[in-house]
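Source file my_file-v4.cif; content: mmCIF, C-alpha atoms and all ligand atoms.
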```cif
data_input
loop_
_atom_site.label_atom_id
_atom_site.label_comp_id
_atom_site.auth_asym_id
_atom_site.auth_seq_id
_atom_site.Cartn_x
_atom_site.Cartn_y
_atom_site.Cartn_z
CA MET A 1 33.83 51.74 34.05
CA ALA A 2 30.54 53.22 33.02
CA SER A 3 30.74 55.58 30.05
CA GLY A 4 28.49 57.13 27.45
CA THR A 5 26.21 60.05 27.00
CA PRO A 6 23.53 60.86 29.56
CA GLN A 7 21.00 59.46 27.09
CA GLN A 8 22.96 56.22 26.76
CA LYS A 9 23.26 55.91 30.50
CA ARG A 10 19.54 56.44 30.79
CA LEU A 11 18.89 53.75 28.20
CA PHE A 12 21.24 51.41 29.99
CA THR A 13 19.40 52.01 33.21
CA ASP A 14 16.11 51.28 31.54
CA GLN A 15 17.42 48.04 30.07
CA GLU A 16 18.75 47.00 33.42
CA ARG A 17 15.44 47.68 35.07
CA PRO A 18 12.54 46.51 32.94
CA SER A 19 10.45 47.18 35.95
CA SER A 20 11.52 50.77 35.58
CA LEU A 21 8.57 50.94 33.31
CA SER A 22 8.20 51.62 36.95
CA GLY A 23 6.09 53.71 38.84
CA SER A 24 3.10 52.52 36.93
CA ASP A 25 2.51 49.63 34.58
CA SER A 26 -0.61 51.13 33.05
CA PRO A 27 -0.86 50.94 29.24
CA PHE A 28 -0.60 54.74 29.22
CA ALA A 29 2.71 54.73 31.08
CA LEU A 30 4.09 51.81 29.10
CA ARG A 31 3.31 53.46 25.77
CA ARG A 32 4.82 56.74 26.95
CA GLN A 33 8.04 55.05 27.96
CA LEU A 34 8.19 53.04 24.75
CA ASN A 35 7.86 56.27 22.77
CA GLU A 36 10.58 57.89 24.86
CA ARG A 37 12.83 54.95 24.11
CA LEU A 38 12.12 55.19 20.38
CA ASP A 39 13.04 58.87 20.53
CA LEU A 40 16.25 57.93 22.25
CA HIS A 41 17.14 55.41 19.55
CA ARG A 42 16.49 58.09 16.93
CA LEU A 43 18.77 60.51 18.81
CA GLN A 44 21.42 57.82 18.78
CA GLY A 45 21.20 57.59 15.01
CA ALA A 46 18.95 54.55 14.55
CA ARG A 47 17.55 55.93 11.30
CA HIS A 48 16.07 52.58 10.32
CA LEU A 49 13.31 53.33 12.82
CA HIS A 50 10.97 55.03 10.40
CA VAL A 51 8.50 56.22 12.98
CA SER A 52 7.03 59.55 11.98
CA PRO A 53 8.03 62.16 14.56
CA PRO A 54 4.85 64.07 15.40
CA GLY A 55 6.92 66.67 17.23
CA LYS A 56 8.29 67.87 13.89
CA ALA A 57 4.82 68.08 12.40
CA LEU A 58 3.58 70.05 15.42
CA ALA A 59 6.57 72.39 15.16
CA LYS A 60 5.68 73.02 11.52
CA ILE A 61 2.17 74.02 12.54
CA ALA A 62 3.56 76.24 15.30
CA ALA A 63 5.71 77.99 12.69
CA GLU A 64 2.67 78.54 10.47
CA VAL A 65 0.74 79.92 13.43
CA ALA A 66 3.59 82.28 14.28
CA ALA A 67 3.25 83.90 10.85
CA CYS A 68 -0.55 83.72 10.67
CA LYS A 69 -2.65 86.72 9.72
CA ARG A 70 -5.85 84.86 8.89
CA CYS A 71 -7.90 86.97 11.30
CA VAL A 72 -7.52 90.38 12.92
CA LEU A 73 -6.13 89.01 16.18
CA TRP A 74 -2.59 88.99 14.76
CA LYS A 75 -2.62 92.77 15.08
CA THR A 76 -3.06 92.80 18.87
CA ARG A 77 -1.19 89.67 19.97
CA THR A 78 2.12 89.90 21.77
CA GLN A 79 2.94 86.41 20.60
CA VAL A 80 1.07 83.35 19.39
CA VAL A 81 0.21 80.49 21.71
CA PRO A 82 0.21 77.33 19.57
CA GLY A 83 -0.10 74.98 22.53
CA GLN A 84 2.50 72.78 24.15
CA GLY A 85 3.13 69.37 25.61
CA ASN A 86 3.74 65.77 24.62
CA PRO A 87 3.58 65.34 20.82
CA ARG A 88 2.25 61.84 21.39
CA ALA A 89 -0.20 62.81 24.09
CA GLU A 90 -3.03 60.40 24.70
CA LEU A 91 -4.91 63.17 26.45
CA VAL A 92 -5.29 66.65 24.96
CA PHE A 93 -6.88 69.60 26.77
CA VAL A 94 -8.47 72.33 24.69
CA GLY A 95 -9.39 75.73 26.08
CA GLU A 96 -10.92 78.79 24.50
CA ALA A 97 -8.13 81.28 23.84
CA PRO A 98 -4.96 82.66 25.41
CA GLY A 99 -5.32 85.20 28.21
CA ALA A 100 -2.97 88.00 29.20
CA GLU A 101 -0.33 85.81 30.82
CA GLU A 102 -0.44 83.28 27.98
CA ASP A 103 -0.06 86.08 25.45
CA LYS A 104 2.97 87.30 27.39
CA GLN A 105 4.64 83.89 27.75
CA GLY A 106 3.52 82.19 24.52
CA LEU A 107 2.32 79.21 26.57
CA ALA A 108 -1.18 77.85 27.07
CA PHE A 109 -2.75 77.67 30.52
CA VAL A 110 -0.23 79.48 32.67
CA GLY A 111 -1.28 81.75 35.50
CA ARG A 112 -3.87 80.81 38.14
CA ALA A 113 -6.16 78.79 35.89
CA GLY A 114 -3.15 76.96 34.51
CA ARG A 115 -1.94 76.08 37.99
CA LEU A 116 -5.35 74.67 38.79
CA LEU A 117 -5.25 72.61 35.60
CA THR A 118 -1.88 71.24 36.73
CA ARG A 119 -3.43 70.18 40.05
CA ILE A 120 -6.32 68.53 38.20
CA LEU A 121 -3.80 66.60 36.10
CA ASN A 122 -1.83 65.57 39.17
CA ALA A 123 -5.03 64.20 40.68
CA ILE A 124 -5.18 61.62 37.89
CA SER A 125 -1.47 60.81 38.11
CA LEU A 126 -0.37 62.96 35.19
CA ASP A 127 1.97 65.90 34.76
CA ARG A 128 1.75 68.64 32.17
CA ASP A 129 4.50 66.98 30.13
CA ASP A 130 2.32 63.90 29.71
CA VAL A 131 -0.46 65.74 27.90
CA PHE A 132 -0.88 68.43 25.26
CA ILE A 133 -2.53 71.69 26.27
CA GLY A 134 -3.83 74.18 23.73
CA ASN A 135 -6.65 76.45 22.73
CA VAL A 136 -9.10 76.89 19.89
CA LEU A 137 -7.63 80.35 19.19
CA LYS A 138 -3.89 80.76 19.03
CA CYS A 139 -3.94 84.54 19.63
CA ARG A 140 -5.44 86.46 22.52
CA PRO A 141 -8.67 88.35 21.86
CA PRO A 142 -8.41 91.94 23.18
CA ALA A 143 -9.50 92.27 26.82
CA ASN A 144 -10.18 88.52 26.88
CA ARG A 145 -13.44 88.90 25.00
CA SER A 146 -15.07 85.76 23.62
CA PRO A 147 -13.84 84.57 20.22
CA LEU A 148 -15.89 85.81 17.28
CA PRO A 149 -17.28 83.21 14.87
CA ASP A 150 -14.97 84.23 12.02
CA GLU A 151 -11.95 84.04 14.34
CA THR A 152 -12.92 80.53 15.42
CA ALA A 153 -13.50 79.47 11.81
CA SER A 154 -10.10 80.88 10.80
CA CYS A 155 -8.13 79.31 13.64
CA LEU A 156 -9.83 75.97 14.27
CA PRO A 157 -8.07 74.21 11.35
CA TYR A 158 -4.76 74.58 13.22
CA LEU A 159 -6.15 72.76 16.25
CA LEU A 160 -7.73 70.06 14.11
CA ALA A 161 -4.42 69.51 12.34
CA GLN A 162 -2.69 69.22 15.72
CA LEU A 163 -5.25 66.65 16.86
CA ASP A 164 -4.84 64.65 13.64
CA ILE A 165 -1.08 64.52 14.21
CA MET A 166 -1.26 63.48 17.86
CA LYS A 167 -4.22 61.12 17.53
CA PRO A 168 -5.05 61.30 21.25
CA ARG A 169 -7.37 58.80 22.85
CA VAL A 170 -9.18 61.45 24.84
CA ILE A 171 -9.82 65.14 24.17
CA CYS A 172 -11.01 67.21 27.10
CA ALA A 173 -12.72 70.46 26.12
CA LEU A 174 -12.44 73.03 28.89
CA GLY A 175 -15.51 75.23 28.93
CA ALA A 176 -18.49 75.80 26.66
CA VAL A 177 -16.63 77.88 24.07
CA ALA A 178 -14.07 75.17 23.38
CA ALA A 179 -16.66 72.38 23.41
CA SER A 180 -18.97 74.34 21.09
CA ALA A 181 -16.15 75.13 18.67
CA LEU A 182 -15.12 71.49 18.46
CA LEU A 183 -18.59 70.00 18.29
CA GLY A 184 -20.11 72.70 16.13
CA GLU A 185 -23.07 73.20 18.42
CA SER A 186 -23.70 75.71 21.15
CA GLN A 187 -25.06 74.48 24.47
CA PRO A 188 -24.45 75.35 28.12
CA ILE A 189 -21.45 73.50 29.51
CA GLY A 190 -23.65 71.98 32.22
CA ARG A 191 -25.47 70.08 29.50
CA MET A 192 -22.44 69.13 27.43
CA ARG A 193 -20.13 67.96 30.22
CA GLY A 194 -19.60 64.54 31.66
CA SER A 195 -20.12 62.17 28.69
CA PHE A 196 -17.77 60.84 26.06
CA ILE A 197 -18.61 61.72 22.47
CA PRO A 198 -16.80 60.10 19.49
CA TYR A 199 -14.70 62.78 17.83
CA ARG A 200 -12.08 62.41 15.05
CA GLY A 201 -11.09 58.94 16.21
CA ALA A 202 -10.89 60.01 19.86
CA LYS A 203 -13.36 60.35 22.70
CA LEU A 204 -14.24 63.91 23.59
CA ILE A 205 -15.43 64.92 27.01
CA ALA A 206 -16.29 68.47 28.07
CA THR A 207 -15.95 69.88 31.53
CA TYR A 208 -15.77 73.25 33.27
CA HIS A 209 -12.92 75.65 32.49
CA PRO A 210 -10.41 76.04 35.36
CA ALA A 211 -10.98 79.82 35.32
CA TYR A 212 -14.66 79.16 36.03
CA LEU A 213 -13.69 76.84 38.88
CA LEU A 214 -11.63 79.63 40.45
CA ARG A 215 -14.82 81.69 40.60
CA ASN A 216 -17.06 78.76 41.54
CA PRO A 217 -15.07 76.34 43.71
CA PRO A 218 -18.07 74.07 44.52
CA GLU A 219 -18.13 73.02 40.85
CA LYS A 220 -14.76 71.32 41.33
CA ARG A 221 -16.67 68.24 42.42
CA LYS A 222 -18.20 67.89 38.97
CA VAL A 223 -14.83 68.33 37.29
CA TRP A 224 -13.43 65.65 39.55
CA GLU A 225 -16.24 63.33 38.42
CA ASP A 226 -15.36 64.06 34.78
CA MET A 227 -11.65 63.53 35.42
CA GLN A 228 -12.35 60.18 37.03
CA LYS A 229 -13.98 59.14 33.75
CA VAL A 230 -10.91 60.33 31.84
CA ARG A 231 -8.66 58.49 34.27
CA ASP A 232 -10.62 55.26 33.86
CA GLU A 233 -10.71 55.60 30.08
CA LEU A 234 -6.91 55.94 29.99
CA GLY A 235 -6.35 53.21 32.57
CA LEU A 236 -4.64 55.56 35.02
CA GLU A 237 -4.34 55.24 38.76
CA GLU A 238 -5.77 57.74 41.20
CA SER A 239 -2.96 59.71 42.79
CA GLY A 240 -4.78 60.74 45.90
CA ARG A 241 -4.07 64.38 45.04
CA LYS A 242 -7.25 66.09 44.06
CA GLY A 243 -7.32 69.46 42.31
S1 LIG A 301 -6.16 83.68 16.09
FE1 LIG A 301 -5.53 82.00 14.75
S2 LIG A 301 -6.34 82.56 12.73
FE2 LIG A 301 -6.30 84.44 13.95
S3 LIG A 301 -4.30 85.38 13.51
FE3 LIG A 301 -4.07 84.11 15.36
S4 LIG A 301 -3.32 82.13 14.58
FE4 LIG A 301 -4.20 83.23 12.83
#
```

Please lay out the structure from this file as structure tokens.
Ligand code: SF4
Amino acid sequence: MASGTPQQKRLFTDQERPSSLSGSDSPFALRRQLNERLDLHRLQGARHLHVSPPGKALAKIAAEVAACKRCVLWKTRTQVVPGQGNPRAELVFVGEAPGAEEDKQGLAFVGRAGRLLTRILNAISLDRDDVFIGNVLKCRPPANRSPLPDETASCLPYLLAQLDIMKPRVICALGAVAASALLGESQPIGRMRGSFIPYRGAKLIATYHPAYLLRNPPEKRKVWEDMQKVRDELGLEESGRKG
């Protein structure tokens, strides 16, 4: 008779079905499932697996962010938005700053722009849980104004620390503000987008922010072009669902 915890049953199922690395045999999917299995072994007490858990390191940063008063935005935030997703994400999205809904929920990219980002992800065969989604600023600027230089300088180290923990293969900067903050140079997004740039051991590509796409739907075509490059870089399949 079958017995065991749900996790054990899941492991058993995986062992029974090596092809359950199923759905996709891309290196991205294989690595993800291998990491899930390592997590499972850790949960089951296999302490000899000394693989550093990046989730713990990210949680430590989130705790620091929650108490942060490095810039004035702590005074007006409802809650911090440290970013969320897969601690071992191979693809990380970086936006500008939380908006009203993000400030309310403590989650990055929720609301209309967030739903569009989800559809963009689905178009390259990914779900939100596969990636990490965050912002340059972890607190909402009042009335969604643009981040001030001192706010960016104060908050950027948190994002850089998160990137150094996750070591993604691809970083996608959403919008000119995020791209400029990461690259340290200010240019229109139309000039920065569409090409990979080496960045902290990853490849950075900039594209339009989903909120901009909501106002300018024809630009979705360019984002789709950029996402195809991301998809190819990660060895993903096209899902047929376009954002
Ligand atoms: S925006 Fe960043 S630096 Fe400023 S208070 Fe929030 S977490 Fe701290």

With the cut-off set at 6 Å and counting all atoms listed in the file, tabulate each residue of chain A with an atom at most that distance from an atom of ligand LIG 301 (chain A), showing the nearest atom pair and its distance in Å to one decimal, ordered by chain and increasing number, as a tab-separated table.
```
residue	atom	partner	partner_atom	distance
A:Val65	CA	A:LIG301	S4	4.8
A:Cys68	CA	A:LIG301	FE4	4.3
A:Lys69	CA	A:LIG301	S3	4.3
A:Arg70	CA	A:LIG301	S2	4.5
A:Cys71	CA	A:LIG301	FE2	4.0
A:Val72	CA	A:LIG301	S3	6.0
A:Leu73	CA	A:LIG301	S3	4.9
A:Trp74	CA	A:LIG301	S3	4.2
A:Leu137	CA	A:LIG301	S1	4.8
A:Lys138	CA	A:LIG301	S4	4.7
A:Cys139	CA	A:LIG301	S1	4.3
A:Glu151	CA	A:LIG301	FE2	5.7
A:Ser154	CA	A:LIG301	S2	4.5
A:Cys155	CA	A:LIG301	S2	3.8
```

Find the spatial neighbours of A:Glu101, counting all atoms listed in the file, within a cut-off of 9 Å - ignore same-chain residues fewer than 6 positions away - and output them as a short mmCIF file (atom, residue, chain, number, x, y, z; two decimals) with C-alpha atoms, keeping the file's coordinate frame.
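That gives us out_9.cif:
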```
data_model
loop_
_atom_site.label_atom_id
_atom_site.label_comp_id
_atom_site.auth_asym_id
_atom_site.auth_seq_id
_atom_site.Cartn_x
_atom_site.Cartn_y
_atom_site.Cartn_z
CA LEU A 107 2.32 79.21 26.57
CA ALA A 108 -1.18 77.85 27.07
CA PHE A 109 -2.75 77.67 30.52
CA VAL A 110 -0.23 79.48 32.67
CA GLY A 111 -1.28 81.75 35.50
#
```

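Taking atom CA of A:Trp224 and atom CA of A:Gly184 as the two end points, the separation is 25.4 Å.
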
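Atom CA of A:Pro210 lies 6.2 Å from atom CA of A:Leu117.
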
Item to check | Between atom CA of A:Met166 and atom CA of A:Glu90, distance in Å (one decimal) | outcome: 7.7 Å

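In terms of minimum interatomic distance to A:Ala67, A:Val80 ranks closest within A:Val80, A:Pro168, A:Tyr212, A:Gly55, counting all atoms listed in the file.
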
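Of the listed residues (A:Val92, A:Ile124, A:Ala161, A:Ala173), A:Ala173 comes nearest to A:Ile189; the distances count only C-alpha atoms.
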
Next on the checklist: Quick one: residues within 9 Å of A:Val131, only C-alpha atoms, excluding same-chain residues fewer than 5 positions away - as number ranges by chain?
Outcome noted: A: 84-93, 121, 126

Emit the selected residues as a PDB file, keeping the file's coordinate frame, including C-alpha atoms.
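Here's the written file part15.pdb:
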```pdb
ATOM      1  CA  GLN A  84       2.500  72.780  24.150  1.00  0.00           C
ATOM      2  CA  GLY A  85       3.130  69.370  25.610  1.00  0.00           C
ATOM      3  CA  ASN A  86       3.740  65.770  24.620  1.00  0.00           C
ATOM      4  CA  PRO A  87       3.580  65.340  20.820  1.00  0.00           C
ATOM      5  CA  ARG A  88       2.250  61.840  21.390  1.00  0.00           C
ATOM      6  CA  ALA A  89      -0.200  62.810  24.090  1.00  0.00           C
ATOM      7  CA  GLU A  90      -3.030  60.400  24.700  1.00  0.00           C
ATOM      8  CA  LEU A  91      -4.910  63.170  26.450  1.00  0.00           C
ATOM      9  CA  VAL A  92      -5.290  66.650  24.960  1.00  0.00           C
ATOM     10  CA  PHE A  93      -6.880  69.600  26.770  1.00  0.00           C
ATOM     11  CA  LEU A 121      -3.800  66.600  36.100  1.00  0.00           C
ATOM     12  CA  LEU A 126      -0.370  62.960  35.190  1.00  0.00           C
TER      13      LEU A 126
END
```

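Shortest atom-to-atom contact with A:Lys220 among A:Lys104, A:Arg200, A:Arg119, A:Lys56: A:Arg119, counting all atoms listed in the file.
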
Adding 8 Å on each side of the box along x, y and z that holds all listed atoms of stretch 186-201 of chain A, could you give its centre and edge lengths in Å to one decimal, as JSON?
```
{"center_x": -18.3, "center_y": 67.3, "center_z": 23.6, "size_x": 30.4, "size_y": 32.8, "size_z": 33.2}
```
